[in-house]
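Peer 1: Just upload.cif, nothing more (mmCIF, C-alpha atoms (C1' of nucleotides)):
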```
data_my_file
#
loop_
_atom_site.label_atom_id
_atom_site.label_comp_id
_atom_site.auth_asym_id
_atom_site.auth_seq_id
_atom_site.Cartn_x
_atom_site.Cartn_y
_atom_site.Cartn_z
CA MET A 190 70.62 -63.55 -94.62
CA ASP A 191 69.83 -60.95 -97.25
CA PHE A 192 72.92 -59.27 -98.59
CA ASP A 193 73.50 -55.93 -100.21
CA ASN A 194 74.64 -56.83 -103.68
CA SER A 195 77.13 -54.00 -103.95
CA ARG A 196 79.32 -54.89 -100.96
CA PRO A 197 81.44 -57.99 -100.35
CA ILE A 198 79.51 -60.61 -98.41
CA TYR A 199 82.27 -61.23 -95.91
CA LEU A 200 82.21 -57.56 -94.86
CA GLN A 201 78.49 -57.80 -94.29
CA ILE A 202 79.11 -60.83 -92.10
CA VAL A 203 81.65 -58.74 -90.21
CA ASP A 204 78.88 -56.19 -89.56
CA PHE A 205 76.66 -59.00 -88.32
CA PHE A 206 79.40 -59.94 -85.86
CA TYR A 207 79.83 -56.35 -84.71
CA GLU A 208 76.11 -56.09 -84.10
CA ASN A 209 75.96 -59.28 -82.04
CA ILE A 210 78.76 -58.00 -79.86
CA LEU A 211 77.22 -54.55 -79.46
CA ILE A 212 73.86 -55.91 -78.38
CA ARG A 213 75.67 -58.22 -75.95
CA ARG A 214 74.31 -61.35 -77.55
CA TRP A 215 77.94 -62.42 -77.82
CA LYS A 216 79.66 -61.55 -74.58
CA GLU A 217 83.33 -61.12 -73.83
CA GLU A 218 85.34 -64.32 -73.32
CA GLU A 219 82.37 -66.32 -74.58
CA ARG A 220 82.54 -68.71 -77.49
CA ILE A 221 80.83 -67.59 -80.67
CA PRO A 222 79.30 -69.95 -83.29
CA SER A 223 81.76 -72.01 -85.31
CA VAL A 224 82.83 -71.25 -88.86
CA ARG A 225 80.55 -73.97 -90.19
CA GLU A 226 77.60 -72.81 -88.08
CA ILE A 227 77.95 -69.23 -89.29
CA ALA A 228 78.26 -70.45 -92.85
CA MET A 229 75.00 -72.38 -92.47
CA MET A 230 73.32 -69.52 -90.63
CA VAL A 231 73.98 -66.88 -93.27
CA GLU A 232 73.93 -69.37 -96.14
CA VAL A 233 77.38 -68.92 -97.57
CA ASN A 234 80.38 -71.11 -98.20
CA PRO A 235 82.57 -71.84 -95.15
CA ASN A 236 85.49 -70.32 -97.03
CA THR A 237 83.62 -67.04 -97.27
CA ALA A 238 82.60 -67.19 -93.62
CA ILE A 239 86.19 -67.72 -92.54
CA ARG A 240 87.12 -64.40 -94.14
CA ALA A 241 84.96 -62.59 -91.64
CA PHE A 242 86.56 -64.53 -88.77
CA THR A 243 90.06 -63.76 -90.03
CA TYR A 244 89.21 -60.10 -90.51
CA LEU A 245 87.92 -59.73 -86.97
CA GLN A 246 90.80 -61.72 -85.54
CA GLU A 247 93.21 -59.27 -87.18
CA GLN A 248 91.32 -56.47 -85.46
CA GLU A 249 91.69 -58.41 -82.21
CA VAL A 250 87.95 -58.37 -81.65
CA ILE A 251 87.83 -62.17 -81.52
CA TYR A 252 90.50 -64.78 -80.92
CA ASN A 253 90.89 -68.46 -81.54
CA LYS A 254 91.51 -71.56 -79.45
CA ARG A 255 92.69 -74.35 -81.68
CA GLY A 256 90.31 -77.24 -81.95
CA ILE A 257 87.71 -75.43 -79.84
CA GLY A 258 86.47 -72.31 -81.58
CA TYR A 259 86.47 -68.53 -81.63
CA PHE A 260 85.89 -66.30 -78.63
CA VAL A 261 85.10 -62.62 -78.12
CA SER A 262 88.21 -60.84 -76.83
CA GLU A 263 88.49 -59.63 -73.25
CA ASN A 264 87.90 -56.02 -74.31
CA GLY A 265 85.98 -56.94 -77.45
CA TYR A 266 82.96 -54.83 -76.67
CA ASP A 267 84.96 -51.65 -76.10
CA LYS A 268 87.00 -52.29 -79.22
CA VAL A 269 83.92 -52.61 -81.41
CA LEU A 270 82.29 -49.62 -79.78
CA THR A 271 85.37 -47.50 -80.44
CA ILE A 272 85.73 -48.69 -84.03
CA LYS A 273 82.10 -48.21 -84.94
CA LYS A 274 81.54 -45.00 -83.04
CA ASN A 275 84.55 -43.46 -84.72
CA GLU A 276 83.37 -44.62 -88.12
CA PHE A 277 79.95 -43.21 -87.38
CA MET A 278 81.10 -39.77 -86.31
CA GLU A 279 83.91 -39.35 -88.83
CA VAL A 280 82.52 -41.03 -91.93
CA ILE A 281 78.81 -41.77 -91.86
CA ILE A 282 77.50 -38.60 -90.26
CA PRO A 283 79.44 -36.13 -92.41
CA ASP A 284 78.21 -38.02 -95.45
CA VAL A 285 74.62 -37.82 -94.21
CA PHE A 286 74.89 -34.08 -93.64
CA LYS A 287 76.41 -33.56 -97.05
CA LYS A 288 73.55 -35.50 -98.63
CA MET A 289 71.04 -33.43 -96.68
CA GLY A 290 72.55 -30.33 -98.19
CA LEU A 291 72.41 -31.71 -101.72
CA LEU A 292 68.81 -32.90 -101.29
CA ASP A 293 67.71 -29.79 -99.45
CA ILE A 294 66.52 -31.73 -96.41
CA LYS A 295 66.14 -29.66 -93.26
CA PHE A 296 67.27 -30.83 -89.85
CA GLU A 297 63.68 -30.69 -88.67
CA GLU A 298 62.81 -33.44 -91.15
CA LEU A 299 65.53 -35.58 -89.68
CA GLU A 300 64.11 -34.95 -86.25
CA SER A 301 60.58 -35.96 -87.17
CA ALA A 302 61.91 -39.03 -88.99
CA PHE A 303 63.71 -39.92 -85.77
CA ASN A 304 60.56 -39.56 -83.70
CA ASN A 305 58.71 -41.71 -86.19
CA TYR A 306 61.45 -44.30 -85.96
CA LEU A 307 61.15 -44.42 -82.18
CA LYS A 308 57.38 -44.82 -82.42
CA ASN A 309 57.71 -47.77 -84.76
CA LEU A 310 60.21 -49.39 -82.42
CA ASP A 311 57.63 -49.17 -79.65
CA HIS A 312 54.97 -50.75 -81.83
CA GLU A 313 57.22 -53.67 -82.70
CA LYS A 314 57.94 -54.41 -79.11
CA LYS A 315 54.27 -55.02 -78.32
CA MET B 83 89.40 -39.33 -107.25
CA ASP B 84 89.71 -41.34 -104.09
CA PHE B 85 87.54 -44.41 -104.10
CA ASP B 86 86.00 -46.48 -101.35
CA ASN B 87 87.66 -49.82 -101.78
CA SER B 88 84.61 -51.84 -100.83
CA ARG B 89 82.26 -50.53 -103.53
CA PRO B 90 82.49 -50.84 -107.32
CA ILE B 91 84.21 -47.81 -108.83
CA TYR B 92 81.60 -47.28 -111.50
CA LEU B 93 78.89 -46.83 -108.84
CA GLN B 94 81.01 -44.22 -107.14
CA ILE B 95 81.32 -42.44 -110.47
CA VAL B 96 77.52 -42.61 -110.70
CA ASP B 97 77.36 -40.81 -107.35
CA PHE B 98 79.75 -38.21 -108.68
CA PHE B 99 77.36 -37.66 -111.59
CA TYR B 100 74.36 -37.41 -109.29
CA GLU B 101 76.15 -34.82 -107.23
CA ASN B 102 77.06 -32.68 -110.22
CA ILE B 103 73.45 -32.67 -111.33
CA LEU B 104 72.14 -31.89 -107.86
CA ILE B 105 74.43 -28.91 -107.38
CA ARG B 106 73.42 -27.73 -110.87
CA ARG B 107 76.95 -27.83 -112.17
CA TRP B 108 75.54 -30.02 -114.92
CA LYS B 109 72.25 -28.49 -116.05
CA GLU B 110 69.38 -30.05 -117.94
CA GLU B 111 69.82 -30.37 -121.71
CA GLU B 112 73.48 -29.45 -121.30
CA ARG B 113 76.32 -31.59 -122.51
CA ILE B 114 78.38 -33.30 -119.83
CA PRO B 115 82.07 -34.25 -120.14
CA SER B 116 82.90 -37.04 -122.56
CA VAL B 117 83.63 -40.63 -121.61
CA ARG B 118 87.33 -40.05 -122.15
CA GLU B 119 87.34 -36.80 -120.17
CA ILE B 120 85.59 -38.44 -117.23
CA ALA B 121 87.99 -41.36 -117.42
CA MET B 122 90.93 -38.95 -117.22
CA MET B 123 89.27 -36.84 -114.55
CA VAL B 124 88.65 -39.70 -112.12
CA GLU B 125 91.67 -41.69 -113.26
CA VAL B 126 90.05 -44.87 -114.46
CA ASN B 127 89.87 -46.79 -117.68
CA PRO B 128 87.36 -45.51 -120.27
CA ASN B 129 85.66 -48.91 -120.16
CA THR B 130 85.00 -48.45 -116.46
CA ALA B 131 83.79 -44.90 -116.98
CA ILE B 132 81.36 -46.00 -119.66
CA ARG B 133 79.65 -48.24 -117.12
CA ALA B 134 78.56 -45.19 -115.20
CA PHE B 135 77.26 -43.55 -118.38
CA THR B 136 75.33 -46.67 -119.35
CA TYR B 137 73.90 -47.02 -115.86
CA LEU B 138 72.60 -43.45 -115.80
CA GLN B 139 71.30 -43.71 -119.34
CA GLU B 140 69.23 -46.72 -118.30
CA GLN B 141 67.81 -44.61 -115.50
CA GLU B 142 67.05 -41.93 -118.11
CA VAL B 143 69.02 -39.35 -116.17
CA ILE B 144 71.28 -38.71 -119.15
CA TYR B 145 70.91 -39.44 -122.85
CA ASN B 146 73.21 -39.69 -125.80
CA LYS B 147 73.60 -37.96 -129.15
CA ARG B 148 75.75 -40.08 -131.41
CA GLY B 149 79.06 -38.54 -132.29
CA ILE B 150 78.44 -35.59 -130.01
CA GLY B 151 78.25 -36.68 -126.39
CA TYR B 152 75.99 -37.20 -123.39
CA PHE B 153 73.43 -34.73 -122.12
CA VAL B 154 71.43 -34.35 -118.91
CA SER B 155 67.81 -35.30 -119.56
CA GLU B 156 65.05 -32.72 -119.71
CA ASN B 157 63.78 -33.69 -116.23
CA GLY B 158 67.15 -35.03 -115.07
CA TYR B 159 67.33 -32.92 -111.95
CA ASP B 160 63.93 -34.00 -110.67
CA LYS B 161 64.70 -37.62 -111.44
CA VAL B 162 67.91 -37.57 -109.44
CA LEU B 163 66.27 -35.67 -106.61
CA THR B 164 63.49 -38.27 -106.41
CA ILE B 165 65.85 -41.23 -106.60
CA LYS B 166 68.27 -39.92 -103.99
CA LYS B 167 65.71 -38.49 -101.63
CA ASN B 168 63.85 -41.76 -101.59
CA GLU B 169 67.07 -43.69 -100.97
CA PHE B 170 67.95 -41.28 -98.21
CA MET B 171 64.66 -41.51 -96.34
CA GLU B 172 64.03 -45.23 -96.85
CA VAL B 173 67.52 -46.71 -96.61
CA ILE B 174 70.19 -44.42 -95.25
CA ILE B 175 68.29 -42.75 -92.43
CA PRO B 176 66.81 -45.93 -90.89
CA ASP B 177 70.29 -47.42 -90.95
CA VAL B 178 71.72 -44.36 -89.21
CA PHE B 179 69.07 -44.52 -86.49
CA LYS B 180 69.68 -48.22 -85.98
CA LYS B 181 73.41 -47.57 -85.60
CA MET B 182 72.69 -44.79 -83.12
CA GLY B 183 70.78 -47.29 -81.03
CA LEU B 184 73.60 -49.83 -81.13
CA LEU B 185 76.24 -47.23 -80.29
CA ASP B 186 74.10 -45.49 -77.67
CA ILE B 187 74.33 -42.13 -79.40
CA LYS B 188 71.68 -39.65 -78.36
CA PHE B 189 69.84 -37.44 -80.81
CA GLU B 190 71.32 -34.41 -79.10
CA GLU B 191 74.78 -35.56 -80.17
CA LEU B 192 73.57 -35.68 -83.75
CA GLU B 193 72.23 -32.17 -83.37
CA SER B 194 75.47 -30.73 -82.06
CA ALA B 195 77.41 -32.59 -84.75
CA PHE B 196 75.13 -30.95 -87.28
CA ASN B 197 75.73 -27.49 -85.84
CA ASN B 198 79.44 -28.15 -85.95
CA TYR B 199 79.16 -29.22 -89.53
CA LEU B 200 77.40 -26.00 -90.46
CA LYS B 201 80.05 -23.95 -88.69
CA ASN B 202 82.82 -25.65 -90.63
CA LEU B 203 80.98 -25.03 -93.89
CA ASP B 204 80.95 -21.34 -93.06
CA HIS B 205 84.66 -21.34 -92.30
CA GLU B 206 85.45 -23.00 -95.62
CA LYS B 207 83.48 -20.42 -97.55
CA LYS B 208 85.67 -17.60 -96.26
"C1'" DT C 260 91.21 -94.90 -77.53
"C1'" DG C 261 87.99 -93.18 -80.79
"C1'" DA C 262 84.38 -90.31 -82.46
"C1'" DA C 263 82.67 -85.75 -83.14
"C1'" DG C 264 83.44 -81.11 -83.49
"C1'" DT C 265 86.94 -77.50 -83.82
"C1'" DG C 266 90.01 -74.45 -87.24
"C1'" DT C 267 92.92 -74.67 -91.32
"C1'" DA C 268 94.91 -75.57 -95.90
"C1'" DC C 269 94.56 -76.71 -100.56
"C1'" DT C 270 93.07 -77.06 -105.38
"C1'" DA C 271 89.82 -75.77 -108.78
"C1'" DG C 272 86.53 -73.02 -110.96
"C1'" DA C 273 82.88 -69.10 -111.76
"C1'" DT C 274 81.78 -64.44 -111.93
"C1'" DA C 275 82.07 -59.38 -111.47
"C1'" DA C 276 84.94 -55.56 -111.69
"C1'" DC C 277 88.60 -53.40 -113.76
"C1'" DT C 278 92.44 -52.51 -116.98
"C1'" DA C 279 94.66 -52.26 -121.66
"C1'" DA C 280 94.79 -51.59 -126.43
"C1'" DT C 281 92.72 -51.22 -130.71
"C1'" DA C 282 89.37 -50.22 -134.23
"C1'" DC C 283 85.37 -48.02 -136.25
"C1'" DA C 284 81.10 -45.28 -137.39
"C1'" DC C 285 79.22 -40.81 -136.56
"C1'" DT C 286 79.20 -35.51 -136.09
"C1'" DA C 287 80.90 -30.82 -136.21
"C1'" DG C 288 83.73 -27.45 -137.91
"C1'" DA C 289 87.75 -25.60 -140.39
"C1'" DT D 47 86.52 -32.95 -147.82
"C1'" DC D 48 89.46 -33.74 -143.96
"C1'" DT D 49 90.41 -33.82 -139.15
"C1'" DA D 50 89.47 -34.04 -134.41
"C1'" DG D 51 86.38 -35.36 -131.14
"C1'" DT D 52 82.28 -38.09 -130.10
"C1'" DG D 53 80.35 -42.97 -128.49
"C1'" DT D 54 80.84 -47.92 -129.21
"C1'" DA D 55 82.56 -52.65 -129.85
"C1'" DT D 56 85.87 -56.18 -129.33
"C1'" DT D 57 89.52 -59.06 -127.47
"C1'" DA D 58 92.51 -60.14 -123.80
"C1'" DG D 59 94.05 -60.40 -119.28
"C1'" DT D 60 94.21 -59.32 -114.01
"C1'" DT D 61 92.27 -59.27 -109.52
"C1'" DA D 62 88.87 -59.84 -105.81
"C1'" DT D 63 85.08 -62.34 -104.37
"C1'" DC D 64 82.69 -66.41 -103.81
"C1'" DT D 65 81.68 -71.34 -104.33
"C1'" DA D 66 82.81 -76.42 -104.07
"C1'" DG D 67 84.99 -80.29 -102.32
"C1'" DT D 68 88.47 -82.58 -99.83
"C1'" DA D 69 91.83 -83.43 -96.33
"C1'" DC D 70 94.10 -82.95 -91.91
"C1'" DA D 71 95.76 -81.63 -87.19
"C1'" DC D 72 93.90 -80.38 -82.80
"C1'" DT D 73 90.64 -80.66 -78.62
"C1'" DT D 74 87.05 -82.52 -75.91
"C1'" DC D 75 84.51 -86.10 -74.00
"C1'" DA D 76 82.46 -90.62 -73.57
#
```
For this file, write the structure as structure tokens.
Peer 2:
Amino acid sequence: MDFDNSRPIYLQIVDFFYENILIRRWKEEERIPSVREIAMMVEVNPNTAIRAFTYLQEQEVIYNKRGIGYFVSENGYDKVLTIKKNEFMEVIIPDVFKKMGLLDIKFEELESAFNNYLKNLDHEKK
Amino acid sequence: MDFDNSRPIYLQIVDFFYENILIRRWKEEERIPSVREIAMMVEVNPNTAIRAFTYLQEQEVIYNKRGIGYFVSENGYDKVLTIKKNEFMEVIIPDVFKKMGLLDIKFEELESAFNNYLKNLDHEKK
DNA sequence: TGAAGTGTACTAGATAACTAATACACTAGA
DNA sequence: TCTAGTGTATTAGTTATCTAGTACACTTCA
């Protein structure tokens, strides 16, 4: 896994977890990969991986069965959706708009970038 | 200054510098506040503040006159504009679109959020 | 029962980021 | 010339993050 050097690794693993839940790769009440598996998968120390697990357990997005593993919570999907959607609307988007103002980028440019993005998605699917 | 806990402070000071140059508060060939003033202003240690100065000097956005202070480079504005616009189009925007996909947010929602944002800007100006 | 796979705890150490305090050479202006 | 304000360098110490290695209790399943 390639990490952004300016953010803690464990938080980037948390994002990886969020994403897997949002795309339904990890479904509710299903077991997710173990601490050691995740550590191998993203190539970090198990102690770093466990931070992500602990963080998400505190948010009640996943829970633990001793000796068995971690599971996505009953309402895990909704929880993540709420958390991330809120963050998106309240934090990310205002910041994007502010940057657009500073950089003198018109909304039309955003729109055409979006259309381009959709096109490229189509290409990749083929 | 309120900092995002998950990013190094000196990089957030760098953003503060970028912003001041982009809004033309700090103009080309003009002197910017001293290391100690910035440190006071954003409430950090001078040694932390100087990291931001050094970082921007390496990018040739600002330069130094010994015993006098730091100045915005001759083409400082264009440099910042290029750096930030590139980052915006290549990094930030693709990430935003990806998140929109994950969170099932339609482009129309973005558009209405943008209109709202503009409205609020107007209100604040009054 | 025992082996393999769980999470968990612990100690130790490295590095980056940040704070604190001090000292010093340089420049401008009274 | 002196003083105040520049940037700069140095030493020391704290904290968060991350790595490394080891050990142990619990659960499942053959």
Peer 1: Could you tell me, as a list in words, exactly which residues end up selected when the PyMOL selection byres ((chain D) within 9 of (chain A)) is applied to this structure?
Peer 2: DT63, DC64, DT65, DA66, DA71, DC72, DT73 and DT74 of chain D
Peer 1: Starting from the shown file, work through the PyMOL selection byres ((chain A) within 10 of (chain B)) and note down what comes out as a PyMOL selection string.
Peer 2: chain A and resi 194-197+200+207-212+269-271+273-274+277-278+281-283+285-294+296+298-300+302-304+306-307
Peer 1: Please, could you write that set of residues out with C-alpha atoms as a JSON list (two decimals), in the coordinates of the input?
Peer 2:
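What follows is the written file again.json:
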```
[["chain", "number", "residue", "atom", "x", "y", "z"],
["A", 194, "ASN", "CA", 74.64, -56.83, -103.68],
["A", 195, "SER", "CA", 77.13, -54.00, -103.95],
["A", 196, "ARG", "CA", 79.32, -54.89, -100.96],
["A", 197, "PRO", "CA", 81.44, -57.99, -100.35],
["A", 200, "LEU", "CA", 82.21, -57.56, -94.86],
["A", 207, "TYR", "CA", 79.83, -56.35, -84.71],
["A", 208, "GLU", "CA", 76.11, -56.09, -84.10],
["A", 209, "ASN", "CA", 75.96, -59.28, -82.04],
["A", 210, "ILE", "CA", 78.76, -58.00, -79.86],
["A", 211, "LEU", "CA", 77.22, -54.55, -79.46],
["A", 212, "ILE", "CA", 73.86, -55.91, -78.38],
["A", 269, "VAL", "CA", 83.92, -52.61, -81.41],
["A", 270, "LEU", "CA", 82.29, -49.62, -79.78],
["A", 271, "THR", "CA", 85.37, -47.50, -80.44],
["A", 273, "LYS", "CA", 82.10, -48.21, -84.94],
["A", 274, "LYS", "CA", 81.54, -45.00, -83.04],
["A", 277, "PHE", "CA", 79.95, -43.21, -87.38],
["A", 278, "MET", "CA", 81.10, -39.77, -86.31],
["A", 281, "ILE", "CA", 78.81, -41.77, -91.86],
["A", 282, "ILE", "CA", 77.50, -38.60, -90.26],
["A", 283, "PRO", "CA", 79.44, -36.13, -92.41],
["A", 285, "VAL", "CA", 74.62, -37.82, -94.21],
["A", 286, "PHE", "CA", 74.89, -34.08, -93.64],
["A", 287, "LYS", "CA", 76.41, -33.56, -97.05],
["A", 288, "LYS", "CA", 73.55, -35.50, -98.63],
["A", 289, "MET", "CA", 71.04, -33.43, -96.68],
["A", 290, "GLY", "CA", 72.55, -30.33, -98.19],
["A", 291, "LEU", "CA", 72.41, -31.71, -101.72],
["A", 292, "LEU", "CA", 68.81, -32.90, -101.29],
["A", 293, "ASP", "CA", 67.71, -29.79, -99.45],
["A", 294, "ILE", "CA", 66.52, -31.73, -96.41],
["A", 296, "PHE", "CA", 67.27, -30.83, -89.85],
["A", 298, "GLU", "CA", 62.81, -33.44, -91.15],
["A", 299, "LEU", "CA", 65.53, -35.58, -89.68],
["A", 300, "GLU", "CA", 64.11, -34.95, -86.25],
["A", 302, "ALA", "CA", 61.91, -39.03, -88.99],
["A", 303, "PHE", "CA", 63.71, -39.92, -85.77],
["A", 304, "ASN", "CA", 60.56, -39.56, -83.70],
["A", 306, "TYR", "CA", 61.45, -44.30, -85.96],
["A", 307, "LEU", "CA", 61.15, -44.42, -82.18]]
```
Peer 1: Starting from the displayed file, determine the output of the PyMOL selection byres ((chain C) within 9 of (chain B)) and express the residue list as an NGL selection string.
Peer 2: :C and (276-279 or 284-287)
Peer 1: Which value, in Å to one decimal, gives the distance between CA of Phe206 in chain A and C1' of DA275 in chain C?
Peer 2: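 These atoms are spaced 25.8 Å apart.
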Peer 1: May I have the centre and edge lengths, in Å to one decimal, of an axis-aligned box around the listed atoms of range 62-71 of chain D with 5 Å added to every side, as lines of an AutoDock Vina configuration file?
Peer 2:
```
center_x = 88.7
center_y = -71.6
center_z = -96.5
size_x = 24.1
size_y = 33.6
size_z = 28.6
```
Peer 1: How many Å separate CA of Thr243 in chain A from C1' of DA262 in chain C?
Peer 2: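 One can read the CA of Thr243 in chain A to C1' of DA262 in chain C distance as 28.2 Å.
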Peer 1: Near DA76 in chain D, counting all atoms listed in the file, which residues have an atom at most 12 Å away, once you skip same-chain residues fewer than 5 positions from it, shown as a list in words?
Peer 2: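 After dropping sequence-adjacent residues, the list is DT260, DG261, DA262 and DA263 of chain C.
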Peer 1: Figure out the distance between CA of Val261 in chain A and CA of Lys216 in chain A, please, to one decimal in Å.
Peer 2: 6.6 Å
Peer 1: Between A:Ala238, A:Tyr259, A:Val280, A:Ile227, which residue has the minimum interatomic distance to Asp86 in chain B, considering all atoms listed in the file?
Peer 2: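 Once distances to Asp86 in chain B are computed over all atoms listed in the file, the minimum belongs to A:Val280.
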Peer 1: Since fewer atoms than expected are present, regenerate N, CA and C atoms for range 91-115 of chain B and write them as an mmCIF file, in the coordinates of the input.
Peer 2:
```cif
data_model
loop_
_atom_site.group_PDB
_atom_site.id
_atom_site.type_symbol
_atom_site.label_atom_id
_atom_site.label_comp_id
_atom_site.auth_asym_id
_atom_site.auth_seq_id
_atom_site.Cartn_x
_atom_site.Cartn_y
_atom_site.Cartn_z
ATOM 1 N N ILE B 91 83.830 -49.154 -108.433
ATOM 2 C CA ILE B 91 84.210 -47.810 -108.830
ATOM 3 C C ILE B 91 83.133 -47.137 -109.674
ATOM 4 N N TYR B 92 82.551 -47.917 -110.587
ATOM 5 C CA TYR B 92 81.600 -47.280 -111.500
ATOM 6 C C TYR B 92 80.386 -46.736 -110.745
ATOM 7 N N LEU B 93 80.002 -47.350 -109.636
ATOM 8 C CA LEU B 93 78.890 -46.830 -108.840
ATOM 9 C C LEU B 93 79.282 -45.548 -108.112
ATOM 10 N N GLN B 94 80.544 -45.436 -107.784
ATOM 11 C CA GLN B 94 81.010 -44.220 -107.140
ATOM 12 C C GLN B 94 81.090 -43.083 -108.155
ATOM 13 N N ILE B 95 81.363 -43.441 -109.401
ATOM 14 C CA ILE B 95 81.320 -42.440 -110.470
ATOM 15 C C ILE B 95 79.869 -41.991 -110.683
ATOM 16 N N VAL B 96 78.949 -42.947 -110.601
ATOM 17 C CA VAL B 96 77.520 -42.610 -110.700
ATOM 18 C C VAL B 96 77.151 -41.580 -109.643
ATOM 19 N N ASP B 97 77.630 -41.775 -108.424
ATOM 20 C CA ASP B 97 77.360 -40.810 -107.350
ATOM 21 C C ASP B 97 77.931 -39.433 -107.680
ATOM 22 N N PHE B 98 79.107 -39.457 -108.270
ATOM 23 C CA PHE B 98 79.750 -38.210 -108.680
ATOM 24 C C PHE B 98 78.880 -37.470 -109.706
ATOM 25 N N PHE B 99 78.286 -38.226 -110.596
ATOM 26 C CA PHE B 99 77.360 -37.660 -111.590
ATOM 27 C C PHE B 99 76.128 -37.075 -110.898
ATOM 28 N N TYR B 100 75.540 -37.862 -110.033
ATOM 29 C CA TYR B 100 74.360 -37.410 -109.290
ATOM 30 C C TYR B 100 74.645 -36.067 -108.621
ATOM 31 N N GLU B 101 75.794 -36.018 -107.974
ATOM 32 C CA GLU B 101 76.150 -34.820 -107.230
ATOM 33 C C GLU B 101 76.250 -33.605 -108.147
ATOM 34 N N ASN B 102 76.906 -33.790 -109.283
ATOM 35 C CA ASN B 102 77.060 -32.680 -110.220
ATOM 36 C C ASN B 102 75.727 -32.169 -110.744
ATOM 37 N N ILE B 103 74.780 -33.091 -110.876
ATOM 38 C CA ILE B 103 73.450 -32.670 -111.330
ATOM 39 C C ILE B 103 72.713 -31.954 -110.211
ATOM 40 N N LEU B 104 72.862 -32.486 -108.991
ATOM 41 C CA LEU B 104 72.140 -31.890 -107.860
ATOM 42 C C LEU B 104 72.640 -30.489 -107.525
ATOM 43 N N ILE B 105 73.928 -30.260 -107.677
ATOM 44 C CA ILE B 105 74.430 -28.910 -107.380
ATOM 45 C C ILE B 105 74.328 -28.012 -108.601
ATOM 46 N N ARG B 106 73.677 -28.529 -109.654
ATOM 47 C CA ARG B 106 73.420 -27.730 -110.870
ATOM 48 C C ARG B 106 74.699 -27.358 -111.625
ATOM 49 N N ARG B 107 75.759 -28.062 -111.355
ATOM 50 C CA ARG B 107 76.950 -27.830 -112.170
ATOM 51 C C ARG B 107 76.689 -28.345 -113.583
ATOM 52 N N TRP B 108 75.966 -29.488 -113.629
ATOM 53 C CA TRP B 108 75.540 -30.020 -114.920
ATOM 54 C C TRP B 108 74.028 -29.764 -115.039
ATOM 55 N N LYS B 109 73.663 -28.880 -115.945
ATOM 56 C CA LYS B 109 72.250 -28.490 -116.050
ATOM 57 C C LYS B 109 71.521 -29.305 -117.111
ATOM 58 N N GLU B 110 70.201 -29.291 -117.009
ATOM 59 C CA GLU B 110 69.380 -30.050 -117.940
ATOM 60 C C GLU B 110 69.590 -29.597 -119.389
ATOM 61 N N GLU B 111 69.607 -30.594 -120.261
ATOM 62 C CA GLU B 111 69.820 -30.370 -121.710
ATOM 63 C C GLU B 111 71.221 -29.854 -122.036
ATOM 64 N N GLU B 112 72.098 -29.848 -121.018
ATOM 65 C CA GLU B 112 73.480 -29.450 -121.300
ATOM 66 C C GLU B 112 74.359 -30.671 -121.488
ATOM 67 N N ARG B 113 75.386 -30.492 -122.263
ATOM 68 C CA ARG B 113 76.320 -31.590 -122.510
ATOM 69 C C ARG B 113 77.227 -31.777 -121.290
ATOM 70 N N ILE B 114 77.464 -33.015 -120.936
ATOM 71 C CA ILE B 114 78.380 -33.300 -119.830
ATOM 72 C C ILE B 114 79.714 -33.759 -120.424
ATOM 73 N N PRO B 115 80.760 -33.840 -119.610
ATOM 74 C CA PRO B 115 82.070 -34.250 -120.140
ATOM 75 C C PRO B 115 82.008 -35.613 -120.836
#
```
